[in-house]
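Participant: As input, take protein.txt (compact mmCIF, C-alpha atoms):
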# COMPACT_ATOMS: atom_id res chain seq x y z
CA MET A 1 0.00 0.00 0.00
CA GLU A 2 2.96 2.32 0.69
CA ASP A 3 3.75 2.48 -3.04
CA LEU A 4 0.25 3.63 -3.91
CA LEU A 5 0.18 6.16 -1.08
CA HIS A 6 3.62 7.44 -2.13
CA HIS A 7 2.60 8.34 -5.66
CA SER A 8 -1.13 9.04 -5.29
CA ALA A 9 -2.32 12.22 -3.57
CA VAL A 10 -5.95 11.09 -3.87
CA ALA A 11 -5.17 7.81 -2.08
CA ARG A 12 -3.46 9.70 0.74
CA ALA A 13 -6.41 12.10 1.01
CA ALA A 14 -8.90 9.19 1.01
CA LEU A 15 -7.01 7.40 3.77
CA THR A 16 -6.91 10.51 5.94
CA HIS A 17 -10.55 11.36 5.25
CA VAL A 18 -11.93 7.90 6.01
CA ARG A 19 -9.76 7.46 9.10
CA GLY A 20 -11.26 10.70 10.40
CA ILE A 21 -14.89 9.60 10.13
CA GLU A 22 -14.88 5.82 10.77
CA LEU A 23 -14.55 3.79 13.94
CA GLU A 24 -11.25 1.94 13.94
CA PRO A 25 -12.75 -1.56 13.44
CA ILE A 26 -14.51 -0.37 10.26
CA PHE A 27 -11.49 1.59 9.06
CA ASN A 28 -9.20 -1.42 9.54
CA HIS A 29 -11.71 -3.64 7.72
CA SER A 30 -11.75 -1.16 4.83
CA VAL A 31 -7.96 -1.20 4.50
CA ARG A 32 -7.91 -5.02 4.65
CA THR A 33 -10.65 -5.08 2.00
CA PHE A 34 -8.36 -3.11 -0.31
CA LEU A 35 -5.37 -5.36 0.44
CA TYR A 36 -7.42 -8.48 -0.36
CA ALA A 37 -9.07 -6.93 -3.41
CA ARG A 38 -5.68 -5.97 -4.81
CA ALA A 39 -4.18 -9.36 -4.00
CA SER A 40 -7.12 -11.09 -5.72
CA ALA A 41 -6.78 -8.89 -8.79
CA ALA A 42 -3.03 -9.56 -8.89
CA SER A 43 -3.67 -13.34 -8.94
CA ALA A 44 -6.12 -13.09 -11.84
CA ALA A 45 -4.77 -13.13 -15.36
CA GLU A 46 -6.64 -9.97 -16.31
CA GLU A 47 -5.67 -6.53 -17.53
CA GLU A 48 -4.22 -4.30 -14.83
CA ILE A 49 -6.77 -2.82 -12.45
CA ASP A 50 -7.15 0.90 -11.65
CA LEU A 51 -5.61 0.78 -8.18
CA GLU A 52 -6.54 4.34 -7.22
CA ALA A 53 -10.21 3.69 -7.99
CA LEU A 54 -10.07 0.34 -6.17
CA PHE A 55 -8.49 2.04 -3.15
CA VAL A 56 -11.14 4.77 -2.96
CA ALA A 57 -13.95 2.22 -3.40
CA CYS A 58 -12.61 -0.08 -0.67
CA LEU A 59 -11.76 2.72 1.74
CA PHE A 60 -15.19 4.37 1.43
CA HIS A 61 -17.26 1.19 1.06
CA ASP A 62 -18.62 1.34 4.64
CA SER A 63 -18.46 5.12 5.04
CA GLY A 64 -22.28 5.14 5.09
CA ALA A 65 -22.02 3.30 8.41
CA THR A 66 -20.82 6.46 10.19
CA GLY A 67 -22.49 9.34 11.95
CA ARG A 68 -21.13 11.67 9.27
CA HIS A 69 -22.99 9.96 6.43
CA ASP A 70 -26.11 8.63 8.18
CA GLY A 71 -28.51 10.12 5.62
CA ALA A 72 -31.89 8.94 4.39
CA GLN A 73 -30.64 6.37 1.86
CA ARG A 74 -29.44 2.84 2.63
CA PHE A 75 -25.88 2.97 3.99
CA GLU A 76 -24.36 1.49 0.81
CA VAL A 77 -25.74 4.38 -1.26
CA GLU A 78 -24.82 7.00 1.34
CA GLY A 79 -21.28 5.62 1.21
CA ALA A 80 -21.23 5.72 -2.58
CA ASP A 81 -22.36 9.33 -2.51
CA ALA A 82 -19.73 10.17 0.13
CA ALA A 83 -17.01 8.81 -2.17
CA LEU A 84 -18.39 10.77 -5.12
CA HIS A 85 -18.45 13.94 -3.04
CA PHE A 86 -14.86 13.29 -1.96
CA LEU A 87 -13.73 12.69 -5.55
CA ARG A 88 -15.20 15.91 -6.90
CA GLY A 89 -12.40 18.32 -7.48
CA HIS A 90 -9.90 15.56 -8.15
CA GLY A 91 -10.51 15.78 -11.91
CA TRP A 92 -11.58 12.16 -12.40
CA THR A 93 -13.60 11.15 -15.47
CA ARG A 94 -17.27 10.22 -15.02
CA PRO A 95 -16.78 6.51 -15.84
CA ARG A 96 -14.00 6.29 -13.26
CA MET A 97 -16.13 7.94 -10.58
CA ASP A 98 -19.12 5.81 -11.57
CA ALA A 99 -17.08 2.63 -11.17
CA VAL A 100 -16.33 3.68 -7.58
CA TRP A 101 -19.98 4.59 -6.92
CA GLU A 102 -21.20 1.26 -8.27
CA ALA A 103 -18.62 -0.74 -6.32
CA ILE A 104 -19.71 0.82 -3.03
CA ALA A 105 -23.45 0.75 -3.74
CA LEU A 106 -23.35 -2.93 -4.75
CA HIS A 107 -20.86 -4.29 -2.20
CA THR A 108 -23.68 -6.06 -0.29
CA SER A 109 -25.43 -7.36 -3.45
CA PRO A 110 -24.45 -11.02 -3.78
CA GLY A 111 -24.39 -12.39 -7.31
CA ILE A 112 -24.77 -8.95 -8.89
CA ALA A 113 -21.58 -7.15 -7.80
CA GLU A 114 -19.59 -10.14 -9.08
CA ARG A 115 -20.95 -9.51 -12.60
CA ARG A 116 -20.15 -5.79 -12.91
CA GLY A 117 -16.82 -4.08 -13.69
CA ALA A 118 -13.46 -4.90 -12.13
CA ILE A 119 -13.63 -2.27 -9.35
CA CYS A 120 -17.04 -3.55 -8.28
CA ARG A 121 -16.06 -7.22 -8.55
CA TYR A 122 -12.84 -6.92 -6.58
CA THR A 123 -14.27 -4.65 -3.90
CA ARG A 124 -16.93 -7.28 -3.25
CA LEU A 125 -14.32 -10.04 -3.30
CA GLY A 126 -12.14 -8.13 -0.81
CA VAL A 127 -15.11 -7.81 1.54
CA ARG A 128 -15.86 -11.52 1.19
CA VAL A 129 -12.25 -12.50 1.92
CA ASP A 130 -12.33 -10.37 5.07
CA PHE A 131 -15.57 -12.01 6.21
CA GLY A 132 -14.37 -15.51 5.39
CA THR A 133 -16.65 -16.41 2.45
CA ALA A 134 -13.84 -16.27 -0.12
CA THR A 135 -10.14 -17.07 0.07
CA LEU A 136 -6.87 -15.68 -1.26
CA ALA A 137 -4.31 -17.60 -3.28
CA GLN A 138 -1.48 -15.99 -1.26
CA PRO A 139 -0.76 -18.07 1.91
CA GLY A 140 -0.17 -16.06 5.09
CA TYR A 141 -1.41 -12.78 3.63
CA VAL A 142 -4.55 -12.54 5.78
CA GLU A 143 -2.53 -13.10 8.95
CA LEU A 144 -0.13 -10.29 8.01
CA ALA A 145 -2.99 -7.90 7.20
CA GLU A 146 -4.80 -8.69 10.44
CA ALA A 147 -1.62 -8.16 12.46
CA GLU A 148 -1.21 -4.68 11.00
CA TYR A 149 -4.95 -3.82 10.90
CA PRO A 150 -6.62 -5.82 13.71
CA ARG A 151 -10.22 -7.02 13.34
CA LEU A 152 -11.49 -5.50 16.63
CA GLU A 153 -14.80 -7.37 16.29
CA VAL A 154 -15.72 -5.55 13.10
CA GLU A 155 -18.67 -7.87 12.40
CA ARG A 156 -20.29 -6.82 15.67
CA VAL A 157 -19.52 -3.11 15.23
CA LEU A 158 -20.75 -3.01 11.64
CA SER A 159 -23.96 -4.97 12.24
CA THR A 160 -24.76 -2.91 15.34
CA THR A 161 -24.19 0.35 13.47
CA VAL A 162 -26.34 -0.66 10.49
CA VAL A 163 -29.14 -1.87 12.79
CA GLU A 164 -29.02 1.34 14.88
CA GLN A 165 -29.30 3.42 11.72
CA ALA A 166 -32.22 1.26 10.56
CA LEU A 167 -34.06 1.52 13.87
CA ARG A 168 -33.93 5.31 13.58
CA ARG A 169 -34.92 5.26 9.88
CA PRO A 170 -36.55 2.01 8.77
CA ALA A 171 -36.48 3.17 5.13
CA LYS A 172 -32.71 2.59 5.24
CA ALA A 173 -33.33 -1.15 5.61
CA PRO A 174 -35.78 -2.18 2.89
CA ALA A 175 -36.90 -5.79 2.48
CA GLY A 176 -34.56 -7.77 0.26
CA SER A 177 -31.48 -5.75 1.24
CA TRP A 178 -28.59 -6.59 3.58
CA PRO A 179 -29.58 -3.86 6.04
CA GLY A 180 -33.14 -5.23 5.89
CA ALA A 181 -31.92 -8.74 6.69
CA LEU A 182 -29.83 -7.43 9.61
CA LEU A 183 -32.78 -5.44 10.98
CA ALA A 184 -35.19 -8.39 10.68
CA ALA A 185 -32.74 -10.70 12.47
CA TYR A 186 -32.22 -8.13 15.21
CA GLU A 187 -35.96 -7.64 15.70
CA ALA A 188 -36.51 -11.40 15.93
CA ASP A 189 -34.17 -11.54 18.95
CA PRO A 190 -33.29 -8.02 20.17
CA HIS A 191 -31.69 -9.06 23.46
CA SER A 192 -29.30 -11.60 22.00
CA ASP A 193 -25.60 -11.29 22.80
CA ARG A 194 -24.60 -13.30 19.75
CA LEU A 195 -23.40 -11.77 16.50
CA ASN A 196 -26.41 -10.84 14.32
CA PRO A 197 -27.16 -14.13 12.49
CA ALA A 198 -27.85 -12.27 9.23
CA PHE A 199 -24.29 -10.91 9.16
CA MET B 1 -47.22 0.11 -27.41
CA GLU B 2 -48.49 -0.49 -30.96
CA ASP B 3 -46.35 2.40 -32.26
CA LEU B 4 -43.19 0.91 -30.84
CA LEU B 5 -44.04 -2.57 -32.10
CA HIS B 6 -44.85 -1.15 -35.52
CA HIS B 7 -41.47 0.43 -36.11
CA SER B 8 -39.20 -1.78 -33.98
CA ALA B 9 -38.32 -5.29 -35.11
CA VAL B 10 -36.41 -5.94 -31.91
CA ALA B 11 -39.46 -5.02 -29.80
CA ARG B 12 -41.62 -7.39 -31.82
CA ALA B 13 -39.05 -10.15 -31.45
CA ALA B 14 -38.74 -9.52 -27.68
CA LEU B 15 -42.50 -9.69 -27.22
CA THR B 16 -42.76 -12.96 -29.13
CA HIS B 17 -39.75 -14.46 -27.37
CA VAL B 18 -40.85 -13.61 -23.83
CA ARG B 19 -44.45 -14.64 -24.47
CA GLY B 20 -43.10 -18.03 -25.52
CA ILE B 21 -41.18 -18.70 -22.31
CA GLU B 22 -43.18 -17.01 -19.52
CA LEU B 23 -46.39 -17.96 -17.75
CA GLU B 24 -49.15 -15.53 -18.69
CA PRO B 25 -49.34 -13.79 -15.27
CA ILE B 26 -45.63 -12.95 -15.45
CA PHE B 27 -45.82 -11.98 -19.12
CA ASN B 28 -48.75 -9.64 -18.46
CA HIS B 29 -46.92 -8.12 -15.49
CA SER B 30 -43.91 -7.51 -17.72
CA VAL B 31 -45.98 -5.69 -20.33
CA ARG B 32 -47.68 -3.59 -17.64
CA THR B 33 -44.25 -2.81 -16.19
CA PHE B 34 -43.24 -1.36 -19.55
CA LEU B 35 -46.47 0.64 -19.86
CA TYR B 36 -45.98 2.14 -16.39
CA ALA B 37 -42.26 2.74 -16.88
CA ARG B 38 -42.95 4.57 -20.15
CA ALA B 39 -45.80 6.57 -18.60
CA SER B 40 -43.57 7.56 -15.67
CA ALA B 41 -40.76 8.61 -17.99
CA ALA B 42 -43.24 10.62 -20.09
CA SER B 43 -44.38 12.55 -16.99
CA ALA B 44 -40.83 13.43 -15.98
CA ALA B 45 -39.25 16.52 -17.52
CA GLU B 46 -36.16 14.63 -18.64
CA GLU B 47 -34.50 13.93 -21.94
CA GLU B 48 -36.27 11.35 -24.05
CA ILE B 49 -35.78 7.77 -22.96
CA ASP B 50 -34.57 4.90 -25.20
CA LEU B 51 -37.92 3.14 -25.56
CA GLU B 52 -36.56 0.04 -27.28
CA ALA B 53 -34.08 -0.56 -24.45
CA LEU B 54 -36.78 0.13 -21.85
CA PHE B 55 -39.09 -2.34 -23.61
CA VAL B 56 -36.52 -5.12 -23.71
CA ALA B 57 -35.57 -4.51 -20.06
CA CYS B 58 -39.19 -4.57 -18.86
CA LEU B 59 -40.19 -7.54 -21.01
CA PHE B 60 -37.23 -9.67 -19.90
CA HIS B 61 -37.04 -8.45 -16.28
CA ASP B 62 -38.60 -11.64 -14.83
CA SER B 63 -37.41 -14.01 -17.55
CA GLY B 64 -35.14 -15.64 -14.97
CA ALA B 65 -38.32 -16.86 -13.26
CA THR B 66 -38.94 -19.42 -16.01
CA GLY B 67 -37.95 -23.00 -16.62
CA ARG B 68 -35.97 -21.86 -19.66
CA HIS B 69 -33.64 -19.64 -17.67
CA ASP B 70 -33.49 -21.42 -14.30
CA GLY B 71 -29.69 -21.42 -14.15
CA ALA B 72 -27.29 -21.28 -11.22
CA GLN B 73 -27.39 -17.51 -10.68
CA ARG B 74 -30.11 -15.54 -8.87
CA PHE B 75 -33.10 -15.10 -11.15
CA GLU B 76 -32.48 -11.38 -11.70
CA VAL B 77 -29.03 -12.13 -13.14
CA GLU B 78 -30.27 -15.09 -15.19
CA GLY B 79 -32.91 -12.76 -16.66
CA ALA B 80 -30.30 -10.09 -17.41
CA ASP B 81 -28.17 -12.69 -19.18
CA ALA B 82 -31.20 -13.93 -21.12
CA ALA B 83 -31.83 -10.41 -22.43
CA LEU B 84 -28.19 -10.00 -23.37
CA HIS B 85 -28.26 -13.31 -25.21
CA PHE B 86 -31.42 -12.24 -27.03
CA LEU B 87 -29.90 -8.88 -28.00
CA ARG B 88 -26.76 -10.38 -29.51
CA GLY B 89 -27.05 -10.18 -33.22
CA HIS B 90 -29.24 -7.08 -33.11
CA GLY B 91 -26.22 -4.80 -33.49
CA TRP B 92 -26.72 -2.84 -30.30
CA THR B 93 -23.84 -0.91 -28.73
CA ARG B 94 -22.31 -2.21 -25.50
CA PRO B 95 -23.59 0.69 -23.32
CA ARG B 96 -27.12 0.13 -24.61
CA MET B 97 -26.98 -3.61 -23.86
CA ASP B 98 -25.39 -2.91 -20.49
CA ALA B 99 -28.22 -0.54 -19.54
CA VAL B 100 -30.68 -3.38 -20.19
CA TRP B 101 -28.55 -5.87 -18.24
CA GLU B 102 -28.26 -3.50 -15.27
CA ALA B 103 -31.98 -2.68 -15.27
CA ILE B 104 -32.92 -6.35 -15.07
CA ALA B 105 -30.20 -7.36 -12.59
CA LEU B 106 -31.10 -4.49 -10.21
CA HIS B 107 -34.89 -4.50 -10.51
CA THR B 108 -35.24 -6.00 -6.99
CA SER B 109 -32.57 -3.75 -5.42
CA PRO B 110 -34.45 -1.00 -3.54
CA GLY B 111 -32.65 2.31 -3.23
CA ILE B 112 -29.92 1.29 -5.68
CA ALA B 113 -31.84 0.83 -8.97
CA GLU B 114 -33.37 4.27 -8.42
CA ARG B 115 -29.90 5.83 -8.55
CA ARG B 116 -28.66 4.24 -11.78
CA GLY B 117 -29.40 5.19 -15.42
CA ALA B 118 -32.85 5.94 -16.85
CA ILE B 119 -33.55 2.40 -18.11
CA CYS B 120 -32.76 0.97 -14.69
CA ARG B 121 -34.67 3.65 -12.80
CA TYR B 122 -37.84 3.42 -14.87
CA THR B 123 -37.86 -0.37 -15.04
CA ARG B 124 -37.79 -0.43 -11.25
CA LEU B 125 -40.46 2.26 -11.08
CA GLY B 126 -42.69 0.31 -13.48
CA VAL B 127 -42.38 -2.77 -11.28
CA ARG B 128 -43.22 -0.71 -8.18
CA VAL B 129 -46.29 0.81 -9.83
CA ASP B 130 -47.51 -2.67 -10.74
CA PHE B 131 -47.03 -3.87 -7.17
CA GLY B 132 -48.62 -0.79 -5.64
CA THR B 133 -45.63 0.86 -3.96
CA ALA B 134 -45.50 3.77 -6.42
CA THR B 135 -48.18 5.62 -8.35
CA LEU B 136 -48.67 7.11 -11.80
CA ALA B 137 -49.62 10.71 -12.53
CA GLN B 138 -52.05 9.53 -15.25
CA PRO B 139 -55.49 8.75 -13.73
CA GLY B 140 -57.20 5.60 -15.00
CA TYR B 141 -54.11 4.26 -16.76
CA VAL B 142 -53.57 1.32 -14.39
CA GLU B 143 -57.19 0.19 -14.82
CA LEU B 144 -56.82 0.25 -18.61
CA ALA B 145 -53.57 -1.70 -18.52
CA GLU B 146 -55.02 -4.32 -16.16
CA ALA B 147 -58.08 -4.74 -18.35
CA GLU B 148 -55.91 -5.52 -21.35
CA TYR B 149 -53.24 -7.48 -19.43
CA PRO B 150 -54.98 -9.02 -16.37
CA ARG B 151 -53.04 -9.56 -13.14
CA LEU B 152 -53.90 -13.28 -12.78
CA GLU B 153 -52.45 -13.35 -9.25
CA VAL B 154 -48.96 -12.51 -10.47
CA GLU B 155 -47.67 -11.91 -6.91
CA ARG B 156 -48.49 -15.50 -6.00
CA VAL B 157 -47.12 -16.99 -9.24
CA LEU B 158 -43.90 -15.01 -9.08
CA SER B 159 -43.19 -15.64 -5.40
CA THR B 160 -43.96 -19.35 -5.78
CA THR B 161 -41.68 -19.64 -8.81
CA VAL B 162 -38.76 -17.84 -7.14
CA VAL B 163 -39.15 -19.95 -3.97
CA GLU B 164 -39.33 -23.20 -5.97
CA GLN B 165 -36.14 -22.26 -7.81
CA ALA B 166 -34.48 -21.41 -4.49
CA LEU B 167 -35.53 -24.67 -2.85
CA ARG B 168 -33.85 -26.57 -5.66
CA ARG B 169 -30.75 -24.34 -5.60
CA PRO B 170 -30.36 -22.37 -2.35
CA ALA B 171 -27.43 -20.42 -3.84
CA LYS B 172 -30.00 -18.61 -6.00
CA ALA B 173 -31.44 -16.99 -2.87
CA PRO B 174 -28.52 -15.47 -0.92
CA ALA B 175 -29.06 -13.59 2.33
CA GLY B 176 -29.76 -9.91 1.75
CA SER B 177 -31.46 -10.48 -1.62
CA TRP B 178 -35.14 -10.47 -2.59
CA PRO B 179 -35.11 -14.21 -3.43
CA GLY B 180 -33.43 -14.77 -0.06
CA ALA B 181 -36.16 -12.84 1.75
CA LEU B 182 -38.88 -14.80 -0.10
CA LEU B 183 -37.21 -18.12 0.73
CA ALA B 184 -36.78 -17.22 4.41
CA ALA B 185 -40.43 -16.16 4.70
CA TYR B 186 -41.55 -19.37 2.99
CA GLU B 187 -39.44 -21.53 5.27
CA ALA B 188 -40.82 -19.79 8.35
CA ASP B 189 -44.35 -20.90 7.39
CA PRO B 190 -44.23 -23.40 4.51
CA HIS B 191 -47.87 -24.49 4.72
CA SER B 192 -49.38 -21.02 4.63
CA ASP B 193 -52.00 -20.22 2.01
CA ARG B 194 -51.37 -16.49 2.24
CA LEU B 195 -49.25 -14.57 -0.22
CA ASN B 196 -45.59 -14.79 0.79
CA PRO B 197 -45.24 -11.93 3.31
CA ALA B 198 -41.83 -10.95 1.92
CA PHE B 199 -43.34 -10.21 -1.48
Any chance you could put this one into structure tokens?
Facilitator:
Amino acid sequence: MEDLLHHSAVARAALTHVRGIELEPIFNHSVRTFLYARASAASAAEEEIDLEALFVACLFHDSGATGRHDGAQRFEVEGADAALHFLRGHGWTRPRMDAVWEAIALHTSPGIAERRGAICRYTRLGVRVDFGTATLAQPGYVELAEAEYPRLEVERVLSTTVVEQALRRPAKAPAGSWPGALLAAYEADPHSDRLNPAF
Amino acid sequence: MEDLLHHSAVARAALTHVRGIELEPIFNHSVRTFLYARASAASAAEEEIDLEALFVACLFHDSGATGRHDGAQRFEVEGADAALHFLRGHGWTRPRMDAVWEAIALHTSPGIAERRGAICRYTRLGVRVDFGTATLAQPGYVELAEAEYPRLEVERVLSTTVVEQALRRPAKAPAGSWPGALLAAYEADPHSDRLNPAF
């Protein structure tokens, strides 16, 4: 990551911005998501990926799960808009910004994100590696990433945050969405100490 | 619709193709979806919409809920692929075909489809008008459409079809998706005679 941060002012600005608005467990998860997304892309025999766009997408992908961006839309879309707002003024083309928007908006859409462009596909894959539903070809890489960016119970923090947002504004958790599934599972057993079973 | 069918060979071919693979309740719902999507677009003060693309998107949007296209992916994505397959050979540009793909793939994604391109947005809106969660500005139009293309309990047919597909292949109904919500609601009360409450 140091290489990218060294030559990309937008990556440095994104890192600083997201670190300033996210709880550490979510920030660390976002960095790991980028590391895994990049590692997955590197293993695939495809054309080179736009690493700056991938970085911004991964860093901002949960930025809707913050007090700063707790707007009326579902958190995935609030996060996508937050990234777009951040990118304005950086002189990016529309397709490049749209790829970031789409990657963030669709990162909880199983079976759909995997079929869109490379930024969207690898952001989703990075998330899945971090939550254990996909694996990396590189042995030992996850352990290294988690040593540098500890998990800090991110599953619990993220599900609690999304549910709290949804309790305040149920329209943020529509049926057939990931926030909706988290809210329904919470409401079925609100006093449970276990991790939300819909996570 | 006659105007469009009169001058567009691809619209005529789409109508014939979809009528040949879909149960009548789902076919009628697809035609009504187009009528409502077009009516909504006509009421909006926006640039003119690509009616051929909107027609193909609306006609094929539930084509994944058929025996013909009951593949391994969630039905929205199978339907999007079916439309793409149909469009090959019609000489459409990639962005035009992608707008159709996206509209079909995202038609059950609340809060996301509404933020994509016009074909996606209006396909979703047409579906919502037909299922009563959005309304048209044109009085009496729904009644006319339903007289010509009767509902035939489409909610029941569609939910039953999606659940049957999911029971055979659970991977088609991932958590946090509309098929997943339908499957979970079915499994909570499999002997119910009521409409699936997640519909």
Participant: Quick one: residues within 10 Å of Phe199 (chain A), all atoms listed in the file, excluding same-chain residues fewer than 5 positions away - as JSON, numbers by chain?
Facilitator: {"A": [131, 155, 156, 158, 159, 178, 179, 181, 182, 185], "B": [175, 176]}
Participant: State, in Å with one decimal place, the distance from CA of Pro110 (chain A) to CA of Val162 (chain B).
Facilitator: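 Computing it gives 16.2 Å between the two atoms.
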Participant: With a distance cut-off of 8 Å and only C-alpha atoms, select the neighbouring residues of Phe27 (chain A), excluding the residue or stretch itself and same-chain residues fewer than 6 positions from it, and output the selection as a ChimeraX atom specification.
Facilitator: /A:18-19,59
Participant: Counting only C-alpha atoms, a student should be able to say which residues of chain A come within 12 Å of chain B; what is the right answer, written as an mmCIF file with C-alpha atoms, in the coordinates of the input?
Facilitator:
data_model
loop_
_atom_site.group_PDB
_atom_site.id
_atom_site.type_symbol
_atom_site.label_atom_id
_atom_site.label_comp_id
_atom_site.auth_asym_id
_atom_site.auth_seq_id
_atom_site.Cartn_x
_atom_site.Cartn_y
_atom_site.Cartn_z
ATOM 1 C CA ALA A 72 -31.890 8.940 4.390
ATOM 2 C CA GLN A 73 -30.640 6.370 1.860
ATOM 3 C CA ARG A 74 -29.440 2.840 2.630
ATOM 4 C CA PHE A 75 -25.880 2.970 3.990
ATOM 5 C CA GLU A 76 -24.360 1.490 0.810
ATOM 6 C CA VAL A 77 -25.740 4.380 -1.260
ATOM 7 C CA GLU A 78 -24.820 7.000 1.340
ATOM 8 C CA GLY A 79 -21.280 5.620 1.210
ATOM 9 C CA ALA A 80 -21.230 5.720 -2.580
ATOM 10 C CA ASP A 81 -22.360 9.330 -2.510
ATOM 11 C CA PRO A 95 -16.780 6.510 -15.840
ATOM 12 C CA ASP A 98 -19.120 5.810 -11.570
ATOM 13 C CA ALA A 99 -17.080 2.630 -11.170
ATOM 14 C CA TRP A 101 -19.980 4.590 -6.920
ATOM 15 C CA GLU A 102 -21.200 1.260 -8.270
ATOM 16 C CA ALA A 103 -18.620 -0.740 -6.320
ATOM 17 C CA ILE A 104 -19.710 0.820 -3.030
ATOM 18 C CA ALA A 105 -23.450 0.750 -3.740
ATOM 19 C CA LEU A 106 -23.350 -2.930 -4.750
ATOM 20 C CA HIS A 107 -20.860 -4.290 -2.200
ATOM 21 C CA THR A 108 -23.680 -6.060 -0.290
ATOM 22 C CA SER A 109 -25.430 -7.360 -3.450
ATOM 23 C CA PRO A 110 -24.450 -11.020 -3.780
ATOM 24 C CA GLY A 111 -24.390 -12.390 -7.310
ATOM 25 C CA ILE A 112 -24.770 -8.950 -8.890
ATOM 26 C CA ALA A 113 -21.580 -7.150 -7.800
ATOM 27 C CA GLU A 114 -19.590 -10.140 -9.080
ATOM 28 C CA ARG A 115 -20.950 -9.510 -12.600
ATOM 29 C CA ARG A 116 -20.150 -5.790 -12.910
ATOM 30 C CA GLY A 117 -16.820 -4.080 -13.690
ATOM 31 C CA ALA A 171 -36.480 3.170 5.130
ATOM 32 C CA LYS A 172 -32.710 2.590 5.240
ATOM 33 C CA ALA A 173 -33.330 -1.150 5.610
ATOM 34 C CA PRO A 174 -35.780 -2.180 2.890
ATOM 35 C CA ALA A 175 -36.900 -5.790 2.480
ATOM 36 C CA GLY A 176 -34.560 -7.770 0.260
ATOM 37 C CA SER A 177 -31.480 -5.750 1.240
ATOM 38 C CA TRP A 178 -28.590 -6.590 3.580
ATOM 39 C CA PRO A 179 -29.580 -3.860 6.040
ATOM 40 C CA GLY A 180 -33.140 -5.230 5.890
ATOM 41 C CA ALA A 181 -31.920 -8.740 6.690
ATOM 42 C CA LEU A 182 -29.830 -7.430 9.610
ATOM 43 C CA LEU A 183 -32.780 -5.440 10.980
ATOM 44 C CA ALA A 184 -35.190 -8.390 10.680
ATOM 45 C CA ALA A 185 -32.740 -10.700 12.470
ATOM 46 C CA PRO A 197 -27.160 -14.130 12.490
ATOM 47 C CA ALA A 198 -27.850 -12.270 9.230
ATOM 48 C CA PHE A 199 -24.290 -10.910 9.160
#
Participant: Just want the 12 Å neighbourhood of Asp3 (chain B), counted on only C-alpha atoms, with same-chain residues fewer than 4 positions away dropped. Output as a PyMOL selection string.
Facilitator: chain B and resi 7-9+11-12+51-52
Participant: Just C-alpha atoms for this one: save the residues we selected as a compact mmCIF listing (two decimals), keeping the file's coordinate frame.
Facilitator:
# COMPACT_ATOMS: atom_id res chain seq x y z
CA HIS B 7 -41.47 0.43 -36.11
CA SER B 8 -39.20 -1.78 -33.98
CA ALA B 9 -38.32 -5.29 -35.11
CA ALA B 11 -39.46 -5.02 -29.80
CA ARG B 12 -41.62 -7.39 -31.82
CA LEU B 51 -37.92 3.14 -25.56
CA GLU B 52 -36.56 0.04 -27.28
Participant: Go ahead and compute the interatomic distance for CA of Gly20 (chain A) and CA of Asn196 (chain A), in Å to one decimal.
Facilitator: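 These two atoms are separated by 26.6 Å.
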Participant: Between B:Arg121, B:Arg128, B:His6, B:His90, which one has atoms that come closest to Ser30 (chain B), using all atoms listed in the file?
Facilitator: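 Looking only at the distances to Ser30 (chain B), the closest residue turns out to be B:Arg128.
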Participant: With only C-alpha atoms as the basis for distance, which of B:Phe55, B:Tyr149, B:Trp92, B:Tyr186 is at the shortest distance from Cys120 (chain B)?
Facilitator: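 For Cys120 (chain B), the nearest of the candidates is B:Phe55.
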Participant: For a test of reading the model, state the distance in Å between CA of Thr66 (chain A) and CA of Ile21 (chain A), rounded to one decimal.
Facilitator: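 Those two atoms sit 6.7 Å apart.
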Participant: Counting all atoms listed in the file, which residue out of A:Leu4, A:Ala65, A:Ala83, A:Ile119 sits closest to Val157 (chain A)?
Facilitator: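 Among the listed residues, A:Ala65 lies closest to Val157 (chain A).
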Participant: Write out as a short mmCIF file (atom, residue, chain, number, x, y, z; two decimals) with C-alpha atoms, in the coordinates of the input each polymer residue whose atoms come within 10 Å of region 31-40 of chain A, counting all atoms listed in the file; drop sequence neighbours fewer than 6 positions from it.
Facilitator:
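That gives us selection14.cif:
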data_model
loop_
_atom_site.label_atom_id
_atom_site.label_comp_id
_atom_site.auth_asym_id
_atom_site.auth_seq_id
_atom_site.Cartn_x
_atom_site.Cartn_y
_atom_site.Cartn_z
CA MET A 1 0.00 0.00 0.00
CA LEU A 15 -7.01 7.40 3.77
CA ARG A 19 -9.76 7.46 9.10
CA ILE A 49 -6.77 -2.82 -12.45
CA ASP A 50 -7.15 0.90 -11.65
CA LEU A 51 -5.61 0.78 -8.18
CA LEU A 54 -10.07 0.34 -6.17
CA PHE A 55 -8.49 2.04 -3.15
CA VAL A 56 -11.14 4.77 -2.96
CA ALA A 57 -13.95 2.22 -3.40
CA CYS A 58 -12.61 -0.08 -0.67
CA LEU A 59 -11.76 2.72 1.74
CA PHE A 60 -15.19 4.37 1.43
CA HIS A 61 -17.26 1.19 1.06
CA ALA A 118 -13.46 -4.90 -12.13
CA ILE A 119 -13.63 -2.27 -9.35
CA CYS A 120 -17.04 -3.55 -8.28
CA ARG A 121 -16.06 -7.22 -8.55
CA TYR A 122 -12.84 -6.92 -6.58
CA THR A 123 -14.27 -4.65 -3.90
CA ARG A 124 -16.93 -7.28 -3.25
CA LEU A 125 -14.32 -10.04 -3.30
CA GLY A 126 -12.14 -8.13 -0.81
CA VAL A 127 -15.11 -7.81 1.54
CA ARG A 128 -15.86 -11.52 1.19
CA VAL A 129 -12.25 -12.50 1.92
CA ASP A 130 -12.33 -10.37 5.07
CA PHE A 131 -15.57 -12.01 6.21
CA THR A 135 -10.14 -17.07 0.07
CA LEU A 136 -6.87 -15.68 -1.26
CA ALA A 137 -4.31 -17.60 -3.28
CA GLN A 138 -1.48 -15.99 -1.26
CA TYR A 141 -1.41 -12.78 3.63
CA VAL A 142 -4.55 -12.54 5.78
CA LEU A 144 -0.13 -10.29 8.01
CA ALA A 145 -2.99 -7.90 7.20
CA GLU A 146 -4.80 -8.69 10.44
CA GLU A 148 -1.21 -4.68 11.00
CA TYR A 149 -4.95 -3.82 10.90
CA PRO A 150 -6.62 -5.82 13.71
CA ARG A 151 -10.22 -7.02 13.34
#
